[in-house]
Amino acid sequence: MKKVIILRHGESVWNKENRFTGWMDVELSPLGREEAVRCGRVLKTEGFEFDLAFTSMLKRAIHTLDAVLSEVNTPWLPVEKSWRLNERHYGSLTGLNKAETAAKHGDEQVKIWRRSYATPPPPLAKDSREHPSRDRRYKDVPRELLPDSEALKQTVERVLPYWNERLAPLIKADQRLVIAAHGNSIRALLKHLEGLSEEAILEVNIPTAVPLEVVLSDDMKFVSKRYLGDPDEIAKATHAVANQAKVQTGRAT
């Protein structure tokens, strides 16, 4: 059997403010930093050791991984960063408050933007200062691959080549990996690994900074998964993610 640890970053400043974040490079909140440390302590208590670490190009995931590696006493571990592990790009919704956007455009429209598998939000203007093509960290990525908006479908299409060509061969070769990424890039991986339908993956919510152990067979077929830590705290964190876009009337999206 093969195992890989996948974790979402700790709470970010914009998570706390309930904003659509996407590729915006915001920092961890004080709680997010605490969550990252606790995540590392859970992995240390469970006896996990790693050979390689992977994360996105966004500092909330990078700093979460740094804290985790420090807690498991391997701050020296090689870390590879890839834009393919970035969060889903929320287009022109980036920076907007989710509940306020639901109040303005209606619950159903925001639910489509947030949870439709194939319908992306309105795109970010290509000449916007915030477009990824204007960010030098992506200078080596072909411009046509840089998104200005993504649904989960496009996130899956972006993440899977990295899994198939880079991560899966290492796991198959018995390298012990920890991957720090984002809610939607992790959902993209889980859809592929578990063979989830487009409808089923829309109901999957990823809590912040809770390590997820995924077990694969020797031929890289999905066997099982489990979150590590206190079950009540994990359930509470997952519920919070599922209810981020409520409008003031309390209607969930």
# chains A, B, ... in the order shown; residues from 1 in each chain; ligands from 1

$ residues_around --residues "Pro147 (chain A)" --least-positions-apart "5" --cutoff "12 Å" --atoms "only C-alpha atoms" --output "PyMOL selection string"
chain A and resi 22-23+83-84+86-92+120-126+130-134+138+141-142+154-155+157-158

$ residues_around --residues "Phe54 (chain A)" --least-positions-apart "3" --cutoff "6 Å" --atoms "only C-alpha atoms" --output "PyMOL selection string"
chain A and resi 79-81+179

$ select_by_dssp --residues "region 110-155 of chain A" --states "alpha helix (DSSP H)" --output "list in words"
Val110, Lys111, Ile112, Trp113, Arg114, Arg115, Leu152, Lys153, Gln154 and Thr155 of chain A

$ residues_around --residues "Glu34 (chain A)" --least-positions-apart "4" --cutoff "8 Å" --atoms "only C-alpha atoms" --output "PDB file with N, CA and C atoms, in the first residue's frame"
ATOM      1  N   GLY A  10      -3.854  26.654   6.223  1.00  0.00           N
ATOM      2  CA  GLY A  10      -4.617  27.210   7.332  1.00  0.00           C
ATOM      3  C   GLY A  10      -5.471  28.384   6.891  1.00  0.00           C
ATOM      4  N   PRO A  30      -3.884  34.950  11.989  1.00  0.00           N
ATOM      5  CA  PRO A  30      -3.298  34.391  13.217  1.00  0.00           C
ATOM      6  C   PRO A  30      -3.833  32.990  13.527  1.00  0.00           C
ATOM      7  N   ARG A  38      -0.748  23.194  14.603  1.00  0.00           N
ATOM      8  CA  ARG A  38      -1.489  22.036  15.114  1.00  0.00           C
ATOM      9  C   ARG A  38      -1.477  20.891  14.110  1.00  0.00           C
TER      10      ARG A  38
END

$ closest_residue --among "A:Asp107, A:Glu49, A:Glu198, A:Asp127" --to "Ala151 (chain A)" --atoms "only C-alpha atoms"
A:Glu198

$ atom_distance --atom1 "CA of Leu216 (chain A)" --atom2 "CA of Glu203 (chain A)"
22.3 Å

$ atom_distance --atom1 "CA of Leu69 (chain A)" --atom2 "CA of Lys236 (chain A)"
25.1 Å

$ atom_distance --atom1 "CA of Glu233 (chain A)" --atom2 "CA of Val42 (chain A)"
12.8 Å

$ closest_residue --among "A:Glu27, A:His63, A:Met220, A:Glu194" --to "Ala173 (chain A)" --atoms "only C-alpha atoms"
A:Met220

$ select_by_dssp --residues "region 175-209 of chain A" --states "strand (DSSP E)" --output "VMD selection string"
chain A and resid 177 to 181

$ write_last_selection --atoms "N, CA and C atoms" --output "JSON list (two decimals), in the first residue's frame"
[["chain", "number", "residue", "atom", "x", "y", "z"],
["A", 177, "LEU", "N", 5.27, 11.48, 0.52],
["A", 177, "LEU", "CA", 4.99, 12.85, 0.11],
["A", 177, "LEU", "C", 4.00, 13.53, 1.05],
["A", 178, "VAL", "N", 4.21, 14.82, 1.27],
["A", 178, "VAL", "CA", 3.21, 15.69, 1.88],
["A", 178, "VAL", "C", 2.94, 16.81, 0.89],
["A", 179, "ILE", "N", 1.66, 17.07, 0.63],
["A", 179, "ILE", "CA", 1.24, 18.05, -0.36],
["A", 179, "ILE", "C", 0.36, 19.09, 0.33],
["A", 180, "ALA", "N", 0.80, 20.34, 0.34],
["A", 180, "ALA", "CA", 0.01, 21.43, 0.90],
["A", 180, "ALA", "C", -0.57, 22.24, -0.26],
["A", 181, "ALA", "N", -1.89, 22.27, -0.33],
["A", 181, "ALA", "CA", -2.53, 22.93, -1.47],
["A", 181, "ALA", "C", -3.75, 23.71, -1.00]]
